[in-house]
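The data block below is protein-v7.pdb; it holds PDB, C-alpha atoms.
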MODEL        1
ATOM      1  CA  MET M   1     -35.301  18.351  -6.135
ATOM      2  CA  THR M   2     -34.459  21.760  -4.749
ATOM      3  CA  LYS M   3     -31.801  23.692  -6.597
ATOM      4  CA  LYS M   4     -28.711  24.189  -4.488
ATOM      5  CA  LYS M   5     -27.382  27.720  -4.273
ATOM      6  CA  THR M   6     -23.633  27.699  -4.666
ATOM      7  CA  THR M   7     -21.040  30.435  -4.360
ATOM      8  CA  ARG M   8     -18.259  30.369  -6.910
ATOM      9  CA  THR M   9     -15.020  32.277  -7.180
ATOM     10  CA  LYS M  10     -13.279  33.021 -10.441
ATOM     11  CA  LYS M  11     -10.751  30.275  -9.664
ATOM     12  CA  ALA M  12     -13.327  27.640  -8.773
ATOM     13  CA  ASP M  13     -12.641  24.184 -10.129
ATOM     14  CA  PRO M  14     -15.007  23.020 -12.869
ATOM     15  CA  ALA M  15     -15.984  19.940 -10.880
ATOM     16  CA  VAL M  16     -16.562  19.247  -7.220
ATOM     17  CA  ALA M  17     -15.206  15.961  -5.818
ATOM     18  CA  ALA M  18     -17.265  13.902  -3.365
ATOM     19  CA  THR M  19     -17.290  10.388  -2.022
ATOM     20  CA  THR M  20     -19.925   7.736  -1.491
ATOM     21  CA  ALA M  21     -19.461   5.142   1.233
ATOM     22  CA  ALA M  22     -21.104   2.354  -0.724
ATOM     23  CA  ALA M  23     -20.198  -1.189   0.306
ATOM     24  CA  PRO M  24     -19.776  -4.024  -2.247
ATOM     25  CA  VAL M  25     -23.163  -5.444  -3.132
ATOM     26  CA  ALA M  26     -24.338  -8.781  -4.495
ATOM     27  CA  ALA M  27     -26.231  -9.249  -7.746
ATOM     28  CA  THR M  28     -29.996  -8.940  -7.526
ATOM     29  CA  ALA M  29     -32.892 -10.086  -9.646
ATOM     30  CA  ALA M  30     -33.746  -8.099 -12.750
ATOM     31  CA  ALA M  31     -36.841  -6.041 -13.335
ATOM     32  CA  ALA M  32     -39.084  -6.788 -16.297
ATOM     33  CA  PRO M  33     -37.760  -5.699 -19.730
ATOM     34  CA  VAL M  34     -38.860  -2.382 -21.154
ATOM     35  CA  ALA M  35     -41.589  -2.227 -23.767
ATOM     36  CA  ALA M  36     -41.371  -0.148 -26.943
ATOM     37  CA  LEU M  37     -39.772   3.260 -26.392
ATOM     38  CA  ALA M  38     -42.824   5.259 -27.491
ATOM     39  CA  GLU M  39     -45.134   3.450 -25.065
ATOM     40  CA  THR M  40     -44.480   5.552 -21.993
ATOM     41  CA  SER M  41     -47.508   4.015 -20.276
ATOM     42  CA  ALA M  42     -45.604   0.708 -20.203
ATOM     43  CA  PHE M  43     -43.250   2.233 -17.618
ATOM     44  CA  ALA M  44     -45.936   3.573 -15.314
ATOM     45  CA  ASN M  45     -45.692   0.741 -12.779
ATOM     46  CA  HIS M  46     -41.910   0.552 -12.707
ATOM     47  CA  PRO M  47     -40.545   2.024  -9.452
ATOM     48  CA  GLY M  48     -37.769   3.840 -11.290
ATOM     49  CA  PHE M  49     -40.146   5.697 -13.581
ATOM     50  CA  SER M  50     -41.851   7.619 -10.782
ATOM     51  CA  LYS M  51     -38.606   9.070  -9.459
ATOM     52  CA  ALA M  52     -37.525  12.683  -9.934
ATOM     53  CA  VAL M  53     -34.178  11.092 -10.833
ATOM     54  CA  ARG M  54     -34.755   8.553 -13.601
ATOM     55  CA  VAL M  55     -31.961   6.157 -14.556
ATOM     56  CA  PHE M  56     -32.261   3.711 -17.443
ATOM     57  CA  GLN M  57     -30.071   0.616 -17.672
ATOM     58  CA  ILE M  58     -29.089  -0.500 -21.156
ATOM     59  CA  TYR M  59     -28.972  -4.162 -22.117
ATOM     60  CA  PHE M  60     -29.153  -5.948 -25.469
ATOM     61  CA  ARG M  61     -29.188  -9.682 -24.683
ATOM     62  CA  PRO M  62     -31.517 -11.745 -22.447
ATOM     63  CA  ASP M  63     -28.545 -13.234 -20.561
ATOM     64  CA  GLN M  64     -27.716  -9.728 -19.273
ATOM     65  CA  LEU M  65     -31.046  -9.306 -17.482
ATOM     66  CA  HIS M  66     -29.904 -10.894 -14.225
ATOM     67  CA  GLN M  67     -27.269  -8.151 -13.807
ATOM     68  CA  LEU M  68     -29.737  -5.264 -13.998
ATOM     69  CA  GLU M  69     -30.686  -3.148 -10.994
ATOM     70  CA  PRO M  70     -34.371  -3.394  -9.972
ATOM     71  CA  GLU M  71     -34.444   0.342  -9.210
ATOM     72  CA  PHE M  72     -33.138   1.267 -12.663
ATOM     73  CA  ILE M  73     -35.454   1.156 -15.678
ATOM     74  CA  PRO M  74     -34.337  -1.653 -18.020
ATOM     75  CA  TYR M  75     -33.805  -0.401 -21.564
ATOM     76  CA  ASP M  76     -33.748  -3.000 -24.337
ATOM     77  CA  ASN M  77     -31.234  -1.819 -26.929
ATOM     78  CA  ALA M  78     -31.095  -5.004 -29.012
ATOM     79  CA  LEU M  79     -32.085  -3.055 -32.114
ATOM     80  CA  GLY M  80     -30.026   0.033 -31.304
ATOM     81  CA  ASP M  81     -27.241   1.784 -33.189
ATOM     82  CA  PHE M  82     -24.169  -0.052 -31.902
ATOM     83  CA  SER M  83     -21.809   2.091 -33.957
ATOM     84  CA  MET M  84     -22.460   4.982 -31.545
ATOM     85  CA  LEU M  85     -22.871   2.896 -28.375
ATOM     86  CA  GLU M  86     -24.410   4.783 -25.419
ATOM     87  CA  TYR M  87     -24.647   8.107 -27.205
ATOM     88  CA  ALA M  88     -27.257   6.709 -29.587
ATOM     89  CA  VAL M  89     -29.367   5.845 -26.517
ATOM     90  CA  PHE M  90     -28.795   9.283 -24.985
ATOM     91  CA  ARG M  91     -29.963  10.948 -28.169
ATOM     92  CA  LYS M  92     -33.050   8.745 -28.407
ATOM     93  CA  LEU M  93     -34.031   9.236 -24.779
ATOM     94  CA  TYR M  94     -33.433  12.981 -24.947
ATOM     95  CA  ASN M  95     -35.888  13.258 -27.835
ATOM     96  CA  SER M  96     -38.510  10.987 -26.259
ATOM     97  CA  ASP M  97     -41.342  11.466 -23.773
ATOM     98  CA  LEU M  98     -39.527   9.169 -21.348
ATOM     99  CA  THR M  99     -37.335  11.977 -20.014
ATOM    100  CA  ARG M 100     -39.502  15.070 -20.413
ATOM    101  CA  ASP M 101     -41.245  15.011 -17.030
ATOM    102  CA  CYS M 102     -38.329  14.156 -14.709
ATOM    103  CA  ASP M 103     -35.825  16.467 -13.043
ATOM    104  CA  TYR M 104     -32.745  14.334 -13.751
ATOM    105  CA  TRP M 105     -31.988  11.325 -15.901
ATOM    106  CA  GLY M 106     -29.201   9.136 -17.178
ATOM    107  CA  ALA M 107     -28.576   5.806 -18.877
ATOM    108  CA  VAL M 108     -25.936   3.336 -17.714
ATOM    109  CA  SER M 109     -24.780  -0.033 -18.999
ATOM    110  CA  TRP M 110     -25.886  -3.469 -17.817
ATOM    111  CA  ARG M 111     -22.456  -3.825 -16.153
ATOM    112  CA  PHE M 112     -23.004  -0.820 -13.856
ATOM    113  CA  ARG M 113     -22.739  -2.659 -10.542
ATOM    114  CA  GLU M 114     -19.799  -4.741 -11.710
ATOM    115  CA  LYS M 115     -17.848  -1.756 -13.038
ATOM    116  CA  ALA M 116     -18.764   0.946 -10.498
ATOM    117  CA  MET M 117     -19.012  -1.339  -7.442
ATOM    118  CA  ILE M 118     -22.068   0.546  -6.232
ATOM    119  CA  ASN M 119     -25.751  -0.220  -6.803
ATOM    120  CA  ALA M 120     -28.762   1.838  -7.826
ATOM    121  CA  GLY M 121     -29.606   2.742  -4.237
ATOM    122  CA  ASP M 122     -26.090   4.038  -3.679
ATOM    123  CA  LEU M 123     -26.320   6.274  -6.740
ATOM    124  CA  TYR M 124     -29.730   7.648  -5.824
ATOM    125  CA  GLY M 125     -28.528   8.124  -2.248
ATOM    126  CA  VAL M 126     -25.475  10.212  -3.089
ATOM    127  CA  ILE M 127     -27.545  12.419  -5.414
ATOM    128  CA  ALA M 128     -30.194  12.920  -2.715
ATOM    129  CA  ALA M 129     -27.513  13.743  -0.144
ATOM    130  CA  ASN M 130     -25.918  16.334  -2.449
ATOM    131  CA  PRO M 131     -28.831  18.034  -4.215
ATOM    132  CA  GLY M 132     -28.903  20.764  -6.783
ATOM    133  CA  TYR M 133     -26.017  20.042  -9.151
ATOM    134  CA  ASP M 134     -26.528  19.905 -12.905
ATOM    135  CA  LEU M 135     -24.295  16.889 -13.427
ATOM    136  CA  TYR M 136     -23.392  13.881 -11.282
ATOM    137  CA  PHE M 137     -20.665  11.762 -12.834
ATOM    138  CA  MET M 138     -18.145   9.091 -11.906
ATOM    139  CA  ASN M 139     -15.163   7.237 -13.283
ATOM    140  CA  PRO M 140     -15.447   3.435 -13.006
ATOM    141  CA  GLU M 141     -11.799   3.158 -14.142
ATOM    142  CA  PRO M 142     -10.015   5.225 -11.455
ATOM    143  CA  GLN M 143      -6.721   3.395 -12.014
ATOM    144  CA  ILE M 144      -6.118   5.380 -15.208
ATOM    145  CA  GLU M 145      -6.484   8.801 -13.597
ATOM    146  CA  GLY M 146      -2.960   8.913 -12.245
ATOM    147  CA  LEU M 147      -1.349   7.014 -15.108
ATOM    148  CA  TYR M 148      -2.203   9.283 -18.031
ATOM    149  CA  GLU M 149      -2.049  12.961 -18.830
ATOM    150  CA  ASN M 150      -5.643  12.783 -19.984
ATOM    151  CA  LEU M 151      -8.198  10.387 -21.434
ATOM    152  CA  TRP M 152      -7.074  11.063 -25.003
ATOM    153  CA  VAL M 153      -3.619   9.676 -24.270
ATOM    154  CA  GLN M 154      -5.212   6.743 -22.454
ATOM    155  CA  GLY M 155      -7.427   6.113 -25.491
ATOM    156  CA  SER M 156      -4.365   5.644 -27.667
ATOM    157  CA  THR M 157      -3.592   2.430 -25.746
ATOM    158  CA  ALA M 158      -6.882   0.843 -26.831
ATOM    159  CA  HIS M 159      -7.760   2.368 -30.212
ATOM    160  CA  PRO M 160      -5.249   2.218 -33.097
ATOM    161  CA  ASN M 161      -3.990   5.545 -34.471
ATOM    162  CA  PHE M 162      -6.281   7.324 -32.001
ATOM    163  CA  LEU M 163      -4.348  10.533 -31.293
ATOM    164  CA  PRO M 164      -3.519  11.427 -34.934
ATOM    165  CA  LEU M 165      -7.148  10.851 -35.929
ATOM    166  CA  VAL M 166      -8.467  12.953 -33.050
ATOM    167  CA  GLU M 167      -6.025  15.770 -33.813
ATOM    168  CA  GLN M 168      -7.165  15.844 -37.448
ATOM    169  CA  LEU M 169     -10.805  15.764 -36.356
ATOM    170  CA  PHE M 170     -10.299  18.616 -33.890
ATOM    171  CA  ASP M 171      -8.707  20.656 -36.679
ATOM    172  CA  ALA M 172     -11.745  19.990 -38.864
ATOM    173  CA  VAL M 173     -14.314  20.996 -36.225
ATOM    174  CA  GLY M 174     -12.385  24.034 -34.977
ATOM    175  CA  MET M 175     -11.185  22.652 -31.638
ATOM    176  CA  ASP M 176      -7.653  23.122 -30.347
ATOM    177  CA  LYS M 177      -5.779  19.920 -31.158
ATOM    178  CA  ARG M 178      -3.415  20.589 -28.248
ATOM    179  CA  ILE M 179      -6.235  19.267 -26.050
ATOM    180  CA  VAL M 180      -5.027  15.725 -26.742
ATOM    181  CA  SER M 181      -1.782  16.378 -24.854
ATOM    182  CA  ALA M 182      -3.139  18.709 -22.132
ATOM    183  CA  TYR M 183      -2.947  17.547 -18.519
ATOM    184  CA  ARG M 184      -6.305  17.026 -16.821
ATOM    185  CA  HIS M 185      -6.993  16.970 -13.084
ATOM    186  CA  THR M 186      -8.612  13.774 -11.840
ATOM    187  CA  ARG M 187     -11.586  15.845 -10.605
ATOM    188  CA  ILE M 188     -12.824  16.036 -14.184
ATOM    189  CA  MET M 189     -11.762  12.677 -15.595
ATOM    190  CA  ALA M 190     -14.503  10.183 -16.427
ATOM    191  CA  ALA M 191     -13.781   7.155 -18.604
ATOM    192  CA  ALA M 192     -17.336   5.940 -19.140
ATOM    193  CA  ASN M 193     -20.820   7.311 -19.741
ATOM    194  CA  TYR M 194     -21.905   6.866 -16.136
ATOM    195  CA  PHE M 195     -23.596  10.160 -15.374
ATOM    196  CA  VAL M 196     -26.945  11.668 -14.434
ATOM    197  CA  GLY M 197     -27.883  15.192 -15.439
ATOM    198  CA  SER M 198     -30.554  17.844 -15.208
ATOM    199  CA  ARG M 199     -32.506  19.106 -18.195
ATOM    200  CA  LYS M 200     -30.154  22.076 -18.262
ATOM    201  CA  PHE M 201     -27.185  19.708 -18.526
ATOM    202  CA  TRP M 202     -28.759  17.549 -21.234
ATOM    203  CA  ASP M 203     -29.822  20.549 -23.313
ATOM    204  CA  SER M 204     -26.262  21.864 -23.272
ATOM    205  CA  TYR M 205     -24.528  18.506 -23.641
ATOM    206  CA  ILE M 206     -26.634  17.192 -26.533
ATOM    207  CA  THR M 207     -26.258  20.528 -28.328
ATOM    208  CA  PHE M 208     -22.479  20.381 -27.792
ATOM    209  CA  ILE M 209     -22.152  16.833 -29.140
ATOM    210  CA  GLU M 210     -24.570  17.321 -32.046
ATOM    211  CA  ASP M 211     -22.710  20.472 -33.078
ATOM    212  CA  PHE M 212     -19.426  18.565 -32.904
ATOM    213  CA  LEU M 213     -20.804  15.722 -35.049
ATOM    214  CA  ALA M 214     -22.372  18.097 -37.573
ATOM    215  CA  LYS M 215     -19.081  19.967 -38.023
ATOM    216  CA  ALA M 216     -17.270  16.653 -38.414
ATOM    217  CA  GLU M 217     -19.637  15.543 -41.173
ATOM    218  CA  LYS M 218     -19.425  18.916 -42.905
ATOM    219  CA  ASN M 219     -15.744  19.780 -42.575
ATOM    220  CA  ALA M 220     -13.730  16.592 -42.156
ATOM    221  CA  PRO M 221     -12.086  15.277 -45.363
ATOM    222  CA  PRO M 222     -13.791  12.136 -46.742
ATOM    223  CA  ALA M 223     -10.743   9.978 -46.026
ATOM    224  CA  LEU M 224     -10.709  11.102 -42.381
ATOM    225  CA  LEU M 225     -14.432  10.441 -41.978
ATOM    226  CA  ALA M 226     -14.003   6.990 -43.492
ATOM    227  CA  ALA M 227     -11.189   6.224 -41.058
ATOM    228  CA  LEU M 228     -13.223   7.470 -38.086
ATOM    229  CA  LYS M 229     -16.217   5.339 -39.073
ATOM    230  CA  ASN M 230     -14.103   2.214 -39.417
ATOM    231  CA  THR M 231     -14.557  -0.557 -36.870
ATOM    232  CA  ASN M 232     -10.774  -0.798 -36.572
ATOM    233  CA  ALA M 233     -11.417   1.423 -33.556
ATOM    234  CA  ASP M 234     -12.401  -1.703 -31.631
ATOM    235  CA  PRO M 235      -9.738  -4.295 -32.563
ATOM    236  CA  ARG M 236     -10.549  -6.540 -29.608
ATOM    237  CA  ASN M 237     -14.286  -6.402 -30.445
ATOM    238  CA  LEU M 238     -15.152  -5.448 -26.884
ATOM    239  CA  HIS M 239     -17.789  -2.912 -27.983
ATOM    240  CA  ALA M 240     -19.826  -4.691 -30.660
ATOM    241  CA  GLY M 241     -17.642  -3.374 -33.464
ATOM    242  CA  ALA M 242     -18.074   0.329 -32.707
ATOM    243  CA  ASN M 243     -16.282   2.976 -34.758
ATOM    244  CA  TYR M 244     -14.111   5.790 -33.351
ATOM    245  CA  PHE M 245     -16.890   8.296 -32.681
ATOM    246  CA  PRO M 246     -18.324   6.854 -29.426
ATOM    247  CA  PHE M 247     -14.825   6.624 -27.940
ATOM    248  CA  ILE M 248     -14.259  10.261 -28.866
ATOM    249  CA  ILE M 249     -17.653  11.350 -27.568
ATOM    250  CA  GLU M 250     -17.195   9.764 -24.128
ATOM    251  CA  ARG M 251     -13.884  11.612 -23.742
ATOM    252  CA  LEU M 252     -15.491  14.901 -24.737
ATOM    253  CA  LEU M 253     -17.358  14.993 -21.420
ATOM    254  CA  THR M 254     -14.212  16.259 -19.683
ATOM    255  CA  GLU M 255     -13.753  18.995 -22.295
ATOM    256  CA  PHE M 256     -17.449  19.883 -22.005
ATOM    257  CA  ILE M 257     -17.114  20.252 -18.213
ATOM    258  CA  ILE M 258     -14.169  22.605 -18.705
ATOM    259  CA  GLN M 259     -16.055  24.609 -21.318
ATOM    260  CA  GLN M 260     -19.104  24.909 -19.071
ATOM    261  CA  ALA M 261     -17.240  25.941 -15.901
ATOM    262  CA  GLY M 262     -19.282  28.628 -14.164
ATOM    263  CA  LYS M 263     -22.393  27.718 -16.189
ATOM    264  CA  LEU M 264     -23.116  24.188 -14.976
ATOM    265  CA  SER M 265     -22.441  22.825 -11.496
ATOM    266  CA  CYS M 266     -20.799  19.392 -11.468
ATOM    267  CA  PHE M 267     -20.374  16.752  -8.780
ATOM    268  CA  LYS M 268     -17.945  13.857  -9.133
ATOM    269  CA  ILE M 269     -18.892  10.733  -7.219
ATOM    270  CA  GLU M 270     -15.670   9.108  -6.063
ATOM    271  CA  LEU M 271     -15.946   5.321  -6.176
ATOM    272  CA  THR M 272     -14.192   4.614  -2.900
ATOM    273  CA  ASN M 273     -14.616   0.836  -3.105
ATOM    274  CA  LYS M 274     -12.748   0.734  -6.400
ATOM    275  CA  LYS M 275     -10.084   3.185  -5.292
ATOM    276  CA  ALA M 276      -9.449   1.158  -2.145
ATOM    277  CA  ARG M 277      -8.333  -1.727  -4.365
ATOM    278  CA  LEU M 278      -5.738   0.291  -6.223
ATOM    279  CA  PRO M 279      -2.054  -0.281  -5.419
ATOM    280  CA  ALA M 280      -0.007   2.414  -3.725
ATOM    281  CA  TYR M 281       1.648   3.550  -6.967
ATOM    282  CA  ALA M 282      -1.744   4.499  -8.446
ATOM    283  CA  HIS M 283      -2.578   6.709  -5.460
ATOM    284  CA  ASP M 284       0.902   8.226  -5.507
ATOM    285  CA  LEU M 285       0.744   9.037  -9.206
ATOM    286  CA  GLU M 286      -2.709  10.574  -8.884
ATOM    287  CA  TRP M 287      -1.559  12.711  -5.963
ATOM    288  CA  LEU M 288       1.590  13.837  -7.804
ATOM    289  CA  LYS M 289      -0.244  14.829 -10.952
ATOM    290  CA  ASN M 290      -2.979  16.688  -9.098
ATOM    291  CA  GLN M 291      -0.495  18.521  -6.888
ATOM    292  CA  ALA M 292       1.536  19.554  -9.936
ATOM    293  CA  LEU M 293      -1.548  20.908 -11.686
ATOM    294  CA  GLU M 294      -2.882  22.701  -8.622
ATOM    295  CA  ARG M 295       0.491  24.330  -7.964
ATOM    296  CA  LYS M 296       1.228  24.853 -11.670
ATOM    297  CA  ASP M 297       4.567  23.206 -10.947
ATOM    298  CA  GLU M 298       6.355  22.042 -14.108
ATOM    299  CA  LYS M 299       9.089  20.313 -12.113
ATOM    300  CA  LEU M 300       6.540  18.248 -10.219
ATOM    301  CA  LEU M 301       4.886  17.293 -13.508
ATOM    302  CA  ARG M 302       8.244  16.031 -14.767
ATOM    303  CA  ILE M 303       8.662  13.990 -11.582
ATOM    304  CA  TRP M 304       5.188  12.532 -12.156
ATOM    305  CA  ALA M 305       6.059  11.683 -15.778
ATOM    306  CA  ASN M 306       9.348  10.028 -14.773
ATOM    307  CA  TYR M 307       7.631   7.962 -12.076
ATOM    308  CA  ARG M 308       4.835   6.981 -14.461
ATOM    309  CA  ASN M 309       7.277   6.075 -17.270
ATOM    310  CA  LEU M 310       9.370   3.990 -14.892
ATOM    311  CA  TYR M 311       6.262   2.078 -13.858
ATOM    312  CA  PHE M 312       5.274   1.431 -17.481
ATOM    313  CA  LYS M 313       8.808   0.375 -18.381
ATOM    314  CA  THR M 314       8.916  -2.039 -15.457
ATOM    315  CA  LEU M 315       5.714  -3.716 -16.579
ATOM    316  CA  TYR M 316       5.791  -3.443 -20.344
ATOM    317  CA  GLY M 317       9.272  -2.505 -21.463
ATOM    318  CA  ASN M 318       9.244   0.674 -23.511
ATOM    319  CA  GLN M 319       5.598   0.425 -24.594
ATOM    320  CA  ALA M 320       2.948   2.016 -22.333
ATOM    321  CA  LYS M 321      -0.299   0.128 -22.073
ATOM    322  CA  GLY M 322      -3.719   0.734 -20.498
TER     323      GLY M 322
ENDMDL
END
Kindly transcribe the structure held in the file into structure tokens.
Amino acid sequence: MTKKKTTRTKKADPAVAATTAAAPVAATAAAAPVAALAETSAFANHPGFSKAVRVFQIYFRPDQLHQLEPEFIPYDNALGDFSMLEYAVFRKLYNSDLTRDCDYWGAVSWRFREKAMINAGDLYGVIAANPGYDLYFMNPEPQIEGLYENLWVQGSTAHPNFLPLVEQLFDAVGMDKRIVSAYRHTRIMAAANYFVGSRKFWDSYITFIEDFLAKAEKNAPPALLAALKNTNADPRNLHAGANYFPFIIERLLTEFIIQQAGKLSCFKIELTNKKARLPAYAHDLEWLKNQALERKDEKLLRIWANYRNLYFKTLYGNQAKG
């Protein structure tokens, strides 16, 4: 893939928005399961392994195989580290031979088509049509972009005591705890680990996350670490009893994009099929928040907050939910 030459100004946004005109697609038959990770020769005949862009699809039960994309490389994670969810797979793939000879790679969940409403061909197509970026990412939950200040606030609706724990953790690792209340433009919001990156991206991203985790282990008080490693993070048991760290890590992508502005080029794939299903209020709230941030208009932000709070109150009383 040829590197795209881009011209940036000092005020350039840290992410570039784009759309893909993918239509809803039906489920297709699964490819054969992956062999042992170290046996790279086992992948040689898989169509996805010969691509310059290599995308793995994570599954951990046989009944999930029928939902996999034939063009993605099936990755059996039955014996994986569920406490860290996708990041454990990222780390393993990054350190393996499976990703060393490709230009771009990523790893998505077995629910990719269901959640993103695009298929493997759509993803490869939008990357091919927009070459040269270091990171291609998407948000399969676009309804939250206009409803919350940021993904940290949204996380507090799903994970008990989330914001106080994150603030304490940020203090321990030397990050500004005000991040948890900072407004974020929808251009850089991504609520899942659905992304594909270059070697340059993965080198920077893995270093960023590993440094964050190392500082947490070294500097966080024992009681805080114990709380963060508790499976209370997943009270509905939707994520195989994961602890708080994977939910923190997935939200760090936005902060990483901000930190790397001007160093890495980023392309957000807008999931138009999903956005088309959103009610008018969701589009209005997204527009209001983005306009307020682009104009640096505090009054408009207050209007957004009032509109958002009224919506939450109408649905849930005084308690905001995700």
Need the shell around range 308-319 of chain M: protein/DNA/RNA residues with any atom at most 9 Å away, counting all atoms listed in the file. Skip same-chain ones fewer than 4 positions apart. Format as a PyMOL selection string? chain M and resi 146-148+281+285+303-304
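Interatomic distance, CA of Ile206 in chain M to CA of Phe90 in chain M: 8.3 Å.
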Pick out the closest residue to Glu149 in chain M from this set: M:Phe49, M:Arg295, M:Asn290, M:Phe245. Count all atoms listed in the file.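 Selected residue with least distance to Glu149 in chain M: M:Asn290.
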Tell me, as a ChimeraX atom specification, which residues lie within 12 Å of Glu286 in chain M, counting all atoms listed in the file; anything in the same chain fewer than 3 positions away does not count. /M:142-150,183-187,189,275,278-283,289-293,301,304-305,307-308
Out of M:Asn45, M:Met138, M:Ala88, M:Val108, which residue has the shortest atom-to-atom distance to Thr272 in chain M when counting all atoms listed in the file?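 Nearest candidate to Thr272 in chain M out of M:Asn45, M:Met138, M:Ala88, M:Val108: M:Met138.
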Find the residues around Asn95 in chain M up to 12 Å (all atoms listed in the file counted), leave out those fewer than 3 positions away in its own chain, and share them as a ChimeraX atom specification. /M:37-38,88-92,98-100,199,202-203,206
